Every structure is written in C-alpha cells, then in structure tokens.
>>> print(open('input35.cif').read())   # mmCIF, C-alpha atoms and all ligand atoms
data_target
loop_
_atom_site.label_atom_id
_atom_site.label_comp_id
_atom_site.auth_asym_id
_atom_site.auth_seq_id
_atom_site.Cartn_x
_atom_site.Cartn_y
_atom_site.Cartn_z
CA MET A 17 -20.04 27.98 -4.55
CA MET A 18 -18.96 24.72 -6.06
CA ILE A 19 -17.33 21.44 -5.13
CA LYS A 20 -17.11 18.82 -7.83
CA ILE A 21 -15.64 15.33 -7.45
CA TYR A 22 -14.03 13.40 -10.31
CA ALA A 23 -13.62 9.64 -9.84
CA ILE A 24 -10.63 8.87 -12.04
CA GLY A 25 -9.28 5.56 -10.81
CA GLY A 26 -9.85 3.00 -8.05
CA TYR A 27 -13.63 3.09 -8.28
CA ASN A 28 -13.86 -0.02 -10.49
CA GLU A 29 -10.97 -1.98 -9.01
CA VAL A 30 -8.58 -2.35 -6.09
CA GLY A 31 -5.83 -0.30 -7.68
CA LYS A 32 -4.90 2.83 -9.65
CA ASN A 33 -6.38 5.20 -7.11
CA MET A 34 -6.89 8.74 -8.27
CA THR A 35 -9.50 11.37 -7.46
CA CYS A 36 -9.76 15.02 -8.40
CA ILE A 37 -11.60 17.65 -6.41
CA GLU A 38 -12.55 20.94 -7.96
CA VAL A 39 -13.30 23.77 -5.58
CA ASP A 40 -14.52 26.89 -7.40
CA ASP A 41 -11.70 27.91 -9.73
CA GLU A 42 -9.07 25.56 -8.29
CA ALA A 43 -8.53 21.82 -8.18
CA ILE A 44 -6.37 19.22 -6.46
CA ILE A 45 -5.53 15.63 -7.29
CA LEU A 46 -5.45 12.90 -4.66
CA ASP A 47 -3.17 9.92 -5.31
CA MET A 48 -1.93 8.66 -8.66
CA GLY A 49 -1.64 4.90 -8.54
CA LEU A 50 -0.97 1.81 -10.61
CA TYR A 51 -3.31 -1.10 -11.14
CA MET A 52 -0.82 -3.79 -10.21
CA ASP A 53 -2.68 -6.61 -11.88
CA ARG A 54 -2.54 -4.99 -15.32
CA PHE A 55 0.93 -3.63 -14.77
CA VAL A 56 2.26 -7.09 -13.90
CA ALA A 57 0.57 -8.50 -17.02
CA LEU A 58 2.40 -5.95 -19.18
CA GLN A 59 5.71 -6.68 -17.48
CA GLU A 60 5.26 -10.37 -18.14
CA ARG A 61 4.68 -9.74 -21.82
CA ASN A 62 7.90 -7.67 -21.81
CA ILE A 63 6.04 -4.73 -23.27
CA LYS A 64 7.90 -1.44 -23.33
CA MET A 65 5.85 0.89 -21.18
CA ASN A 66 4.64 4.33 -22.13
CA PRO A 67 1.73 6.39 -20.79
CA GLU A 68 -0.50 5.62 -23.77
CA ILE A 69 -0.07 1.86 -23.52
CA LEU A 70 -0.53 1.98 -19.76
CA VAL A 71 -3.83 3.87 -20.08
CA ASN A 72 -5.09 1.60 -22.86
CA GLU A 73 -4.27 -1.47 -20.82
CA ASP A 74 -5.94 0.00 -17.72
CA ALA A 75 -2.69 -0.06 -15.75
CA ILE A 76 -2.81 3.67 -14.88
CA PRO A 77 -5.81 5.99 -14.43
CA ASN A 78 -7.36 7.61 -17.47
CA ASP A 79 -7.45 11.31 -16.58
CA GLU A 80 -9.30 12.38 -19.73
CA ILE A 81 -12.26 13.73 -17.72
CA ILE A 82 -10.10 16.37 -16.08
CA LYS A 83 -8.26 17.39 -19.23
CA LYS A 84 -9.94 20.79 -19.17
CA LEU A 85 -8.99 21.28 -15.52
CA ARG A 86 -5.29 20.71 -15.95
CA LYS A 87 -4.31 24.33 -15.43
CA LYS A 88 -6.53 24.62 -12.37
CA VAL A 89 -4.78 21.78 -10.52
CA LYS A 90 -2.79 23.34 -7.70
CA ALA A 91 -1.28 20.23 -6.10
CA ILE A 92 -1.07 16.47 -6.21
CA LEU A 93 -1.55 15.18 -2.68
CA ILE A 94 -0.38 11.66 -1.90
CA THR A 95 -1.52 9.58 1.08
CA HIS A 96 1.16 6.88 1.30
CA ALA A 97 3.93 4.99 -0.46
CA HIS A 98 2.04 2.01 -1.91
CA LEU A 99 2.24 1.62 -5.67
CA ASP A 100 -1.53 1.66 -6.11
CA HIS A 101 -1.30 5.26 -4.80
CA ILE A 102 2.01 6.51 -6.21
CA GLY A 103 2.91 4.20 -9.10
CA ALA A 104 1.38 6.32 -11.87
CA ILE A 105 3.18 9.54 -10.84
CA LYS A 106 6.08 8.60 -13.06
CA TRP A 107 3.78 8.30 -16.06
CA MET A 108 1.35 11.18 -15.68
CA ALA A 109 2.40 13.80 -13.12
CA TYR A 110 4.29 15.72 -15.80
CA LYS A 111 0.97 16.88 -17.27
CA TYR A 112 0.27 18.92 -14.16
CA LYS A 113 2.46 21.87 -13.44
CA CYS A 114 2.11 21.72 -9.68
CA PRO A 115 3.91 20.37 -6.63
CA ILE A 116 3.47 16.87 -5.22
CA ILE A 117 2.79 17.04 -1.52
CA THR A 118 3.14 14.14 0.86
CA THR A 119 4.82 12.84 4.01
CA PRO A 120 8.63 12.43 4.08
CA TYR A 121 8.76 8.62 3.71
CA THR A 122 6.30 8.65 0.84
CA GLY A 123 8.29 11.49 -0.73
CA GLU A 124 11.46 9.43 -0.51
CA ILE A 125 9.80 6.44 -2.21
CA ILE A 126 8.34 8.68 -4.93
CA LYS A 127 11.78 10.10 -5.65
CA ARG A 128 13.16 6.58 -6.10
CA ASN A 129 10.21 5.40 -8.16
CA ALA A 130 9.68 8.42 -10.37
CA LYS A 131 13.04 9.97 -11.10
CA ASN A 132 11.41 12.52 -13.39
CA VAL A 133 9.58 14.38 -10.63
CA GLU A 134 10.68 16.29 -7.65
CA SER A 135 8.46 15.67 -4.70
CA VAL A 136 7.89 18.16 -1.95
CA SER A 137 7.48 16.71 1.48
CA THR A 138 5.62 17.95 4.46
CA ASN A 139 5.44 16.57 7.97
CA VAL A 140 2.73 14.34 9.31
CA ASN A 141 0.15 16.29 11.31
CA SER A 142 0.82 19.59 9.64
CA PHE A 143 -1.05 21.93 7.35
CA TYR A 144 0.13 22.72 3.88
CA ARG A 145 -1.33 25.73 2.17
CA VAL A 146 -2.08 24.55 -1.34
CA SER A 147 -3.55 27.82 -2.58
CA LYS A 148 -5.48 30.84 -1.38
CA ASN A 149 -8.60 28.78 -0.73
CA ILE A 150 -7.34 25.25 -0.07
CA GLU A 151 -5.30 23.86 2.79
CA ALA A 152 -4.26 20.23 3.17
CA GLU A 153 -3.63 18.57 6.50
CA PHE A 154 -1.84 15.23 6.67
CA ILE A 155 -3.22 13.29 9.63
CA ASN A 156 -1.15 10.28 10.60
CA VAL A 157 -2.92 6.94 10.44
CA THR A 158 -1.85 3.33 10.81
CA HIS A 159 -1.66 1.28 7.62
CA SER A 160 1.02 -1.12 6.37
CA VAL A 161 3.71 1.31 5.27
CA PRO A 162 5.32 4.10 7.33
CA GLN A 163 3.87 7.60 7.47
CA SER A 164 0.48 6.96 5.91
CA ALA A 165 -2.02 9.78 6.18
CA ILE A 166 -5.66 10.66 5.87
CA ILE A 167 -5.72 13.98 4.06
CA ASN A 168 -8.03 16.70 5.30
CA ILE A 169 -8.71 19.14 2.49
CA LYS A 170 -9.90 22.33 4.10
CA THR A 171 -12.02 24.63 2.01
CA LYS A 172 -14.25 27.53 2.90
CA TYR A 173 -17.23 25.19 2.39
CA GLY A 174 -15.96 22.67 4.94
CA SER A 175 -13.54 19.76 5.02
CA ILE A 176 -13.17 16.87 2.61
CA LEU A 177 -11.50 13.85 4.17
CA TYR A 178 -9.68 11.50 1.86
CA GLY A 179 -9.30 8.31 3.88
CA LEU A 180 -7.41 5.86 1.67
CA ASP A 181 -5.80 3.70 3.11
CA TYR A 182 -6.04 3.37 6.84
CA LYS A 183 -6.77 1.12 9.76
CA ASN A 184 -7.27 1.91 13.40
CA ASP A 185 -4.46 0.03 15.11
CA SER A 186 -4.21 0.78 18.82
CA HIS A 187 -0.96 -1.20 19.13
CA PRO A 188 1.08 -0.50 16.00
CA ALA A 189 4.40 -2.33 15.70
CA LEU A 190 6.00 0.82 14.30
CA GLY A 191 5.04 4.49 14.39
CA LYS A 192 2.17 6.24 16.08
CA LYS A 193 -1.47 5.26 16.43
CA THR A 194 -4.08 6.75 14.11
CA ASN A 195 -4.59 10.32 15.26
CA ILE A 196 -8.21 9.95 16.34
CA LYS A 197 -8.03 13.08 18.47
CA LYS A 198 -7.29 15.18 15.44
CA LEU A 199 -9.99 13.47 13.38
CA LYS A 200 -12.50 14.20 16.14
CA LYS A 201 -11.62 17.89 16.10
CA ILE A 202 -12.41 18.42 12.44
CA GLU A 203 -15.56 20.42 12.12
CA ASP A 204 -17.98 20.21 9.28
CA VAL A 205 -16.83 17.30 7.16
CA VAL A 206 -18.64 17.80 3.88
CA LEU A 207 -17.40 14.55 2.38
CA LEU A 208 -15.58 11.43 3.51
CA ILE A 209 -13.93 9.48 0.72
CA ALA A 210 -13.68 6.10 2.39
CA ASP A 211 -11.50 3.02 2.03
CA SER A 212 -13.92 0.25 0.99
CA THR A 213 -11.33 -2.52 0.51
CA ASN A 214 -12.51 -4.45 3.55
CA ALA A 215 -15.99 -2.93 3.94
CA ASP A 216 -17.43 -6.39 3.34
CA GLU A 217 -15.47 -7.92 6.23
CA GLU A 218 -17.77 -7.98 9.24
CA ARG A 219 -15.26 -7.38 12.01
CA LYS A 220 -12.49 -5.11 13.17
CA THR A 221 -9.12 -5.35 11.42
CA PHE A 222 -6.72 -6.73 13.98
CA SER A 223 -3.64 -4.93 15.18
CA GLU A 224 -0.22 -5.50 13.66
CA GLN A 225 0.70 -7.08 17.01
CA ILE A 226 -1.51 -10.02 16.07
CA ALA A 227 0.57 -10.65 12.94
CA LYS A 228 3.67 -10.51 15.11
CA GLU A 229 2.21 -13.10 17.50
CA MET A 230 1.29 -15.39 14.61
CA LEU A 231 4.84 -15.21 13.28
CA ARG A 232 6.25 -15.80 16.73
CA ASP A 233 4.08 -18.89 17.07
CA ILE A 234 5.55 -20.39 13.92
CA MET A 235 9.14 -19.26 14.17
CA ILE A 236 9.59 -20.07 17.86
CA GLY A 237 8.70 -23.51 19.06
CA MET A 238 8.06 -25.32 15.80
CA GLU A 239 10.48 -27.96 14.61
CA ASN A 240 12.64 -25.89 12.34
CA GLU A 241 16.08 -26.74 13.67
CA GLY A 242 18.40 -27.73 10.87
CA HIS A 243 16.03 -26.32 8.26
CA GLY A 244 15.83 -23.18 6.22
CA LEU A 245 13.37 -20.47 7.25
CA PHE A 246 12.12 -18.45 4.30
CA LEU A 247 9.70 -15.63 4.72
CA THR A 248 8.01 -13.27 2.35
CA THR A 249 5.89 -10.20 2.93
CA PHE A 250 5.15 -6.87 1.26
CA SER A 251 8.49 -5.11 0.84
CA SER A 252 7.06 -1.81 2.02
CA HIS A 253 5.73 -3.32 5.25
CA ILE A 254 8.52 -1.99 7.43
CA ALA A 255 6.62 -2.72 10.66
CA ARG A 256 6.28 -6.40 9.72
CA LEU A 257 9.96 -6.57 8.79
CA LYS A 258 10.81 -5.13 12.18
CA SER A 259 8.74 -7.83 13.91
CA ILE A 260 10.51 -10.54 11.88
CA LEU A 261 13.86 -9.09 12.90
CA ASN A 262 12.89 -9.11 16.58
CA ILE A 263 11.65 -12.71 16.54
CA SER A 264 14.71 -13.88 14.60
CA LYS A 265 16.95 -12.43 17.30
CA ILE A 266 15.15 -14.52 19.91
CA ILE A 267 15.79 -17.74 17.98
CA GLY A 268 19.38 -16.73 17.30
CA ARG A 269 19.13 -16.54 13.53
CA LYS A 270 20.43 -13.68 11.45
CA VAL A 271 18.01 -12.01 9.06
CA VAL A 272 18.99 -11.66 5.43
CA PHE A 273 16.74 -9.42 3.37
CA ILE A 274 17.03 -10.35 -0.30
CA GLY A 275 15.55 -8.48 -3.24
CA ARG A 276 15.58 -5.14 -4.98
CA SER A 277 12.32 -3.76 -3.60
CA LEU A 278 13.12 -4.83 -0.02
CA ASN A 279 16.40 -2.98 -0.37
CA GLU A 280 14.63 0.15 -1.68
CA TYR A 281 11.96 0.38 1.01
CA ILE A 282 14.38 -0.45 3.82
CA SER A 283 17.05 1.97 2.70
CA ALA A 284 14.46 4.76 2.42
CA ALA A 285 13.32 3.98 5.98
CA GLU A 286 16.90 3.95 7.20
CA LYS A 287 17.66 7.22 5.47
CA LEU A 288 14.80 8.85 7.38
CA LYS A 289 15.90 7.14 10.59
CA ILE A 290 12.62 5.25 10.93
CA VAL A 291 14.53 2.00 11.47
CA ASN A 292 18.09 0.74 11.51
CA PHE A 293 17.95 -2.80 10.16
CA SER A 294 21.51 -2.82 8.78
CA LYS A 295 22.81 -2.94 12.33
CA ASP A 296 21.55 -6.51 12.84
CA ALA A 297 20.64 -7.82 9.41
CA GLU A 298 22.20 -8.28 6.04
CA ILE A 299 20.58 -6.65 3.04
CA ILE A 300 21.21 -8.08 -0.42
CA GLY A 301 19.66 -5.89 -3.08
CA ASN A 302 20.74 -7.97 -6.05
CA ALA A 303 20.66 -11.73 -5.57
CA GLY A 304 22.30 -12.31 -8.96
CA ARG A 305 25.37 -10.33 -7.95
CA SER A 306 25.76 -12.09 -4.60
CA GLU A 307 25.97 -15.69 -5.79
CA GLU A 308 29.05 -16.51 -3.75
CA LYS A 309 27.57 -15.16 -0.53
CA LEU A 310 24.29 -16.99 -1.07
CA ARG A 311 26.10 -20.23 -1.81
CA GLU A 312 27.89 -19.95 1.54
CA MET A 313 24.66 -19.14 3.37
CA ASN A 314 22.98 -22.08 1.69
CA LYS A 315 25.43 -24.43 3.42
CA ASN A 316 24.33 -23.25 6.88
CA LYS A 317 20.73 -22.33 6.26
CA ASP A 318 19.61 -22.88 9.83
CA GLU A 319 21.66 -19.90 10.96
CA TYR A 320 19.49 -17.51 8.98
CA VAL A 321 16.00 -16.21 8.33
CA PHE A 322 15.75 -15.39 4.64
CA VAL A 323 13.26 -12.60 3.98
CA VAL A 324 12.72 -12.55 0.25
CA THR A 325 10.61 -10.74 -2.32
CA GLY A 326 8.02 -12.60 -4.38
CA GLY A 327 5.02 -13.35 -2.17
CA MET A 328 2.76 -12.70 -5.14
CA GLY A 329 4.73 -15.02 -7.43
CA GLU A 330 6.15 -12.11 -9.40
CA LYS A 331 8.26 -13.18 -12.32
CA ASN A 332 11.67 -11.78 -11.36
CA ALA A 333 11.27 -11.81 -7.61
CA VAL A 334 13.63 -13.79 -5.40
CA LEU A 335 11.23 -16.51 -4.23
CA THR A 336 10.28 -17.26 -7.83
CA ARG A 337 13.93 -17.44 -8.81
CA ILE A 338 14.65 -19.77 -5.88
CA VAL A 339 11.90 -22.23 -6.85
CA ASN A 340 13.07 -22.07 -10.45
CA ASP A 341 16.63 -22.94 -9.31
CA GLU A 342 18.00 -19.73 -10.77
CA ILE A 343 20.06 -18.64 -7.75
CA ALA A 344 22.43 -20.32 -5.32
CA LEU A 345 19.98 -20.29 -2.42
CA LYS A 346 17.81 -23.43 -2.42
CA ILE A 347 14.65 -24.65 -0.79
CA ASP A 348 15.03 -28.20 0.49
CA PRO A 349 12.36 -30.59 1.80
CA GLN A 350 11.05 -29.53 5.23
CA ASP A 351 12.24 -25.95 4.87
CA PHE A 352 9.71 -23.43 6.14
CA VAL A 353 8.18 -20.98 3.69
CA ILE A 354 6.05 -18.40 5.48
CA PHE A 355 3.77 -16.12 3.50
CA SER A 356 3.31 -13.15 5.80
CA CYS A 357 0.92 -11.61 3.32
CA ASN A 358 -2.45 -12.20 1.72
CA VAL A 359 -2.85 -12.56 -2.02
CA ILE A 360 -3.88 -9.33 -3.74
CA PRO A 361 -7.35 -10.25 -5.01
CA THR A 362 -6.79 -9.69 -8.72
CA PRO A 363 -6.81 -12.48 -11.34
CA ILE A 364 -3.25 -12.46 -12.68
CA ILE A 365 -1.64 -12.10 -9.27
CA GLN A 366 -3.78 -14.95 -7.91
CA ALA A 367 -2.75 -17.17 -10.83
CA ASN A 368 0.97 -16.37 -10.40
CA ARG A 369 0.75 -17.18 -6.74
CA LYS A 370 -0.87 -20.56 -7.46
CA VAL A 371 2.01 -21.51 -9.75
CA LEU A 372 4.53 -20.52 -7.09
CA GLU A 373 2.78 -22.64 -4.46
CA GLN A 374 2.75 -25.66 -6.74
CA LYS A 375 6.48 -25.37 -7.26
CA LEU A 376 7.00 -25.10 -3.50
CA HIS A 377 4.93 -28.24 -2.99
CA ARG A 378 7.11 -30.04 -5.48
CA LYS A 379 10.13 -29.05 -3.39
CA ARG A 380 8.28 -30.43 -0.36
CA ALA A 381 8.54 -27.20 1.60
CA ARG A 382 6.39 -26.66 4.68
CA ILE A 383 4.09 -23.84 3.67
CA PHE A 384 2.43 -21.32 6.00
CA LYS A 385 -0.07 -19.03 4.28
CA ASP A 386 -1.87 -15.85 5.30
CA ILE A 387 0.27 -15.15 8.37
CA HIS A 388 -0.96 -11.63 8.00
CA VAL A 389 -3.32 -8.94 9.17
CA SER A 390 -4.64 -6.42 6.71
CA GLY A 391 -3.74 -2.74 6.63
CA HIS A 392 -7.28 -1.79 5.71
CA ALA A 393 -10.13 -0.99 8.05
CA SER A 394 -12.96 -3.53 8.21
CA ARG A 395 -16.66 -2.77 8.41
CA GLU A 396 -16.71 -2.08 12.16
CA ASP A 397 -13.66 0.21 12.03
CA LEU A 398 -15.33 2.08 9.20
CA ARG A 399 -18.45 2.45 11.30
CA ASP A 400 -16.26 4.02 14.00
CA LEU A 401 -14.67 6.38 11.49
CA ILE A 402 -18.07 7.56 10.25
CA LYS A 403 -19.13 8.14 13.87
CA ILE A 404 -15.92 10.03 14.62
CA VAL A 405 -16.03 12.44 11.68
CA SER A 406 -19.83 12.57 11.01
CA PRO A 407 -19.53 13.40 7.32
CA ARG A 408 -22.42 15.04 5.47
CA HIS A 409 -21.70 12.83 2.45
CA ILE A 410 -19.81 9.57 1.94
CA LEU A 411 -18.06 8.43 -1.22
CA PRO A 412 -16.84 4.81 -1.11
CA ALA A 413 -13.59 4.28 -3.02
CA HIS A 414 -10.75 1.74 -3.35
CA GLY A 415 -12.67 -1.13 -4.92
CA GLY A 416 -15.23 -2.13 -7.51
CA LEU A 417 -18.96 -2.24 -7.02
CA ALA A 418 -18.92 -5.26 -4.70
CA LYS A 419 -16.81 -3.34 -2.22
CA THR A 420 -18.24 0.15 -2.66
CA ALA A 421 -21.76 -1.29 -2.32
CA ALA A 422 -20.74 -2.92 0.98
CA MET A 423 -19.62 0.49 2.19
CA ALA A 424 -22.89 1.99 0.97
CA SER A 425 -24.87 -0.61 2.89
CA LEU A 426 -22.93 0.29 6.03
CA GLY A 427 -23.83 3.94 5.38
CA GLY A 428 -27.44 2.81 4.98
CA GLU A 429 -27.34 1.23 8.44
CA MET A 430 -26.09 4.54 9.79
CA GLY A 431 -28.87 6.65 8.32
CA TYR A 432 -27.31 7.66 5.01
CA GLU A 433 -29.28 7.31 1.82
CA LEU A 434 -27.87 6.04 -1.44
CA GLY A 435 -27.90 8.73 -4.10
CA LYS A 436 -28.70 11.43 -1.56
CA ASN A 437 -25.71 11.53 0.77
CA ILE A 438 -23.87 8.33 -0.01
CA HIS A 439 -22.66 8.14 -3.57
CA ILE A 440 -21.39 5.26 -5.64
CA MET A 441 -19.20 6.43 -8.47
CA GLN A 442 -17.30 4.64 -11.19
CA ASN A 443 -14.12 5.56 -13.01
CA GLY A 444 -14.69 8.40 -15.43
CA GLN A 445 -17.70 9.86 -13.61
CA SER A 446 -18.01 13.24 -11.95
CA MET A 447 -20.43 14.58 -9.39
CA LYS A 448 -21.32 18.04 -8.21
CA LEU A 449 -21.38 17.89 -4.44
CA LEU A 450 -22.26 21.48 -3.63
ZN ZN B 501 -2.03 1.09 0.88
#
>>> encode(input="input35.cif", output="structure tokens")
Amino acid sequence: MMIKIYAIGGYNEVGKNMTCIEVDDEAIILDMGLYMDRFVALQERNIKMNPEILVNEDAIPNDEIIKKLRKKVKAILITHAHLDHIGAIKWMAYKYKCPIITTPYTGEIIKRNAKNVESVSTNVNSFYRVSKNIEAEFINVTHSVPQSAIINIKTKYGSILYGLDYKNDSHPALGKKTNIKKLKKIEDVVLLIADSTNADEERKTFSEQIAKEMLRDIMIGMENEGHGLFLTTFSSHIARLKSILNISKIIGRKVVFIGRSLNEYISAAEKLKIVNFSKDAEIIGNAGRSEEKLREMNKNKDEYVFVVTGGMGEKNAVLTRIVNDEIALKIDPQDFVIFSCNVIPTPIIQANRKVLEQKLHRKRARIFKDIHVSGHASREDLRDLIKIVSPRHILPAHGGLAKTAAMASLGGEMGYELGKNIHIMQNGQSMKLL
C-alpha cells in the first residue's frame, strides 16, 4: 500500500503547476504549466526556446525527480486552460507515453497551444478510467476560464482531490456553479491539494457578477461620450468578455476584440458552442493586418468598445502597440482605459505593467485599474472547502511559502497539524503519504 506525492512545480511560485502522484505501481501527472514571469523574460530577450533552456530558466517544471517513474505514468490530467496549468505540455508531455485527459474546452486550447500532442477530452462531471486501479473524475468548478475542474483521483485507498484552481461562485456569469453536491458526496478524501493563491486574503472571493457590476458602473453613466473606450482583461476570461459584450450593447457601442490570444480563446469557445460573440462583435486576430479597418474605426471611436490584449504590458500585445503608436488605433486624451484584471504578482510582469501605465499617463488617458474579481478562492472559501470534503491530509499548492504557509495556518485553525496532516512541500520534494 503506497501513495507518494511529488511536488514538481508551483510549490515555490505562482506558476508552472505540476504534481505527480504515485499509487503502488502506477502514477499520474496533474497539470503541466508555465511560469509566465520567466517565460515572458525569455520572450523579451528573443531567446529561441527549447525544453532545456526553459527548465534552466525556471520557466517550466523540472521533472527530474520523477525520471524513474516515467514508464509508470498512466495519464496527464489537466484541470483548466490557463497557461500556468497547460503551457508546459508542448515542451515536456512527449516524455510520457500516455494520454492527456481534460475537459473539452481545455482540450481545444491544448490542441491550439501544443500542436505536437493529441489531447483526449472527457466531459465535465464524468469518470475517466485511467488504469485498473485509478479513476479520475472531473468535477466542474467556477474559475476564470470555461470548464475548469477539480479532479478527484479515486484509488482503492481513498480519494485525492486536486483543487487548483477554483472559486465558489454562486452567481457565475457563464457556465454552472461549482458542483458542491458532488464534492460533498466524495467519501474518504485522503488528501486535498489546495489552491493557496488567495489563502492570505481574509474574505470570500466575490462572484463574477460583482466584476460585471463594477464594469457597468464605469461604462454606463460616466462621461465617455465622444471618447474611446478601451478595455483589457485576461483573454481566456470568456465570462468577463461576455459581460463586456452585454454592457456594450446597452450603451449602443459595438465591441471589437483585438489580439491574437483573444481570437484564440474566443474561437475555441465558439467552436464548442459555449458562446457566440461573432454574432454581435467584431474579432480582429491580427491588428497589423487590419490597419485600414482600424484607421476607419479610429475616426469614430465613440461607436466602439475596444477589447484588447496587453493588460500585463506584454511586449507584442495590442495595448502596448497602441501606446507605442505602432498601429492605426490611437489613445487620445480623455479616452477610457479599463484594466479589468489584476496584475499577476511576479516581478517582470509588474515592471512591464508599470511602464505601460506611464505611457498611458503621458497620453492623458483616464485609467481604471483592478476592475476585477479573482478566480481563486480566498481564505473563507477555502475553509468551506475543507469543511465540505473533510480531507485526512492537506497539501497547499499554487504559491510560494508565503501563500502555502497561509493555507497551513488556516488548516491549523481547523485542527490540522503542520507536518502531521498538513504538509508544506517545495519544488523537487516528494512525500510518502500512505
Ligand atoms: Zn487558473
């Protein structure tokens, strides 16, 4: 009888999530993500990427500790379509001769992101038999990208719940609520691997409806007549994009989505019939190739809401190119620039964002920051989750020590004991659970 946990990535940082679980003579991998901060740094230096460079620069997980297990790995299970969970598939999945299992939307994004792998999809709220002794159940949860799941790994020794990333939104703007009923039904949770990103936030994470109301408050009723309305958010946040579209209709402006990644995430969602934005909005995947169209739109800016990529100040994103005067669409004094996002708390991204804001100030734009609610559970939601699933052990993940320790202190309040049944791990460590 043996369950062993390998913390491969995401235990020292918010990024490059990857965990391996060995159950007797089999193993599974959970998530395979990028560390965006390091990845962006490499992109900016125009470095040609390969797996070795990416590992050395800490941009993808270092899976050296499971080298001996490679043949035992029966499946790679993926929770959702964010790059810090799927972005390393392209660079390292080839080492494992096993299927990639996930929900349909995530599968579609993986196919677009990692052309070298074929992903196998399953439906949300269904079991997938990984092997003779392991079953995986994808339980739908609310997060900030469609079809996110908590994965229940069923073994003969009990269930292991992998809960990255999730929030408990009782009024989601798109898709179903977190399936609490199903979570409650799971018997004998041996281990909960928990999302610690916001474990240090002493509150509940608000519903996506709150973000919608904040946007409504700015877009309707403020003095924006005659001015451009620019908006940026995470390209994968389809629910947020839907809210923007709805509010824009009310003020009689047409939405124009501009940018490669917006185009990718939206077209994947349209393909799976999750939304139909093309009906009401225009989607421009390549701003450089649509100069003429953008020049025309620029003449009548107050007829549009421009949703653009680049909220993190990324080098080639549309908002960056606008402030650098590289495309025909311009920001003029008094134009609204709404950041419907937070800043990913990593050093290079924070620095890039600062530069972007300074350039916007120089253009005398009206800036609205943090018009956003997080997709991650806060401390009080996490307390609920622990109550709901009553795990025997807790393993905080998705963050460095500051965050995992906050999760551990929450466990402490709930009767868990550090080192005994709540475990802090770091990248490269393994732990025998049973
Ligand atoms: Zn996520």
>>> atom_distance(input="input35.cif", atom1="CA of Ile45 in chain A", atom2="CA of Val89 in chain A")
7.0 Å
>>> residues_near_ligand(input="input35.cif", ligand="ligand ZN 501 (chain B)", cutoff="8 Å", atoms="all atoms listed in the file", output="ChimeraX atom specification")
/A:96-101,159-161,180-182,391-392
>>> atom_distance(input="input35.cif", atom1="CA of Ser251 in chain A", atom2="CA of Ser394 in chain A")
22.7 Å
>>> closest_residue(input="input35.cif", among="A:Ile105, A:Leu434, A:Tyr112, A:Arg219", to="Lys83 in chain A", atoms="only C-alpha atoms")
A:Tyr112
>>> closest_atom_pairs(input="input35.cif", of="range 337-398 of chain A", to="range 260-281 of chain A", cutoff="12 Å", atoms="all atoms listed in the file", output="tab-separated table")
residue	atom	partner	partner_atom	distance
A:Arg337	CA	A:Gly275	CA	10.7
A:Ile338	CA	A:Ile274	CA	11.2
A:Ile343	CA	A:Ile274	CA	11.6
A:Leu345	CA	A:Ile274	CA	10.6
A:Ile354	CA	A:Ile260	CA	11.1
A:Ser356	CA	A:Ile260	CA	9.8
A:Ile387	CA	A:Ile260	CA	11.8
>>> closest_residue(input="input35.cif", among="A:Asp351, A:Glu217, A:Asp185, A:Glu224", to="Leu257 in chain A", atoms="only C-alpha atoms")
A:Glu224
>>> closest_residue(input="input35.cif", among="A:Lys87, A:Tyr144, A:Glu29, A:Ile254", to="Asn292 in chain A", atoms="all atoms listed in the file")
A:Ile254
>>> closest_residue(input="input35.cif", among="A:Gly191, A:Gly179, A:Gly244, A:Pro77", to="Phe352 in chain A", atoms="only C-alpha atoms")
A:Gly244
>>> atom_distance(input="input35.cif", atom1="CA of Asp397 in chain A", atom2="CA of Ile202 in chain A")
18.3 Å
>>> closest_residue(input="input35.cif", among="A:Val39, A:Ala413, A:Ile300, A:Leu372", to="Tyr173 in chain A", atoms="only C-alpha atoms")
A:Val39
>>> residues_around(input="input35.cif", residues="Gly31 in chain A", least_positions_apart="4", cutoff="9 Å", atoms="only C-alpha atoms", output="list in words")
Gly25, Gly26, Tyr27, Gly49, Leu50, Tyr51, Met52, Asp53, Ala75, Ile76, Leu99, Asp100, His101, His414 and Gly415 of chain A
>>> closest_residue(input="input35.cif", among="A:Glu68, A:Glu298, A:Glu373, A:Glu308", to="Leu335 in chain A", atoms="only C-alpha atoms")
A:Glu373
>>> closest_atom_pairs(input="input35.cif", of="range 179-275 of chain A", to="range 419-426 of chain A", cutoff="12 Å", atoms="all atoms listed in the file", output="JSON lines")
{"residue": "A:Leu208", "atom": "CA", "partner": "A:Met423", "partner_atom": "CA", "distance": 11.7}
{"residue": "A:Ile209", "atom": "CA", "partner": "A:Met423", "partner_atom": "CA", "distance": 10.7}
{"residue": "A:Ala210", "atom": "CA", "partner": "A:Met423", "partner_atom": "CA", "distance": 8.2}
{"residue": "A:Asp211", "atom": "CA", "partner": "A:Met423", "partner_atom": "CA", "distance": 8.5}
{"residue": "A:Ser212", "atom": "CA", "partner": "A:Lys419", "partner_atom": "CA", "distance": 5.6}
{"residue": "A:Thr213", "atom": "CA", "partner": "A:Lys419", "partner_atom": "CA", "distance": 6.2}
{"residue": "A:Asn214", "atom": "CA", "partner": "A:Lys419", "partner_atom": "CA", "distance": 7.3}
{"residue": "A:Ala215", "atom": "CA", "partner": "A:Met423", "partner_atom": "CA", "distance": 5.3}
{"residue": "A:Asp216", "atom": "CA", "partner": "A:Ala422", "partner_atom": "CA", "distance": 5.3}
{"residue": "A:Glu217", "atom": "CA", "partner": "A:Ala422", "partner_atom": "CA", "distance": 9.0}
{"residue": "A:Glu218", "atom": "CA", "partner": "A:Ala422", "partner_atom": "CA", "distance": 10.1}
>>> write_last_selection(input="input35.cif", atoms="C-alpha atoms", output="compact mmCIF listing (two decimals), in the frame of the given file")
# COMPACT_ATOMS: atom_id res chain seq x y z
CA LEU A 208 -15.58 11.43 3.51
CA ILE A 209 -13.93 9.48 0.72
CA ALA A 210 -13.68 6.10 2.39
CA ASP A 211 -11.50 3.02 2.03
CA SER A 212 -13.92 0.25 0.99
CA THR A 213 -11.33 -2.52 0.51
CA ASN A 214 -12.51 -4.45 3.55
CA ALA A 215 -15.99 -2.93 3.94
CA ASP A 216 -17.43 -6.39 3.34
CA GLU A 217 -15.47 -7.92 6.23
CA GLU A 218 -17.77 -7.98 9.24
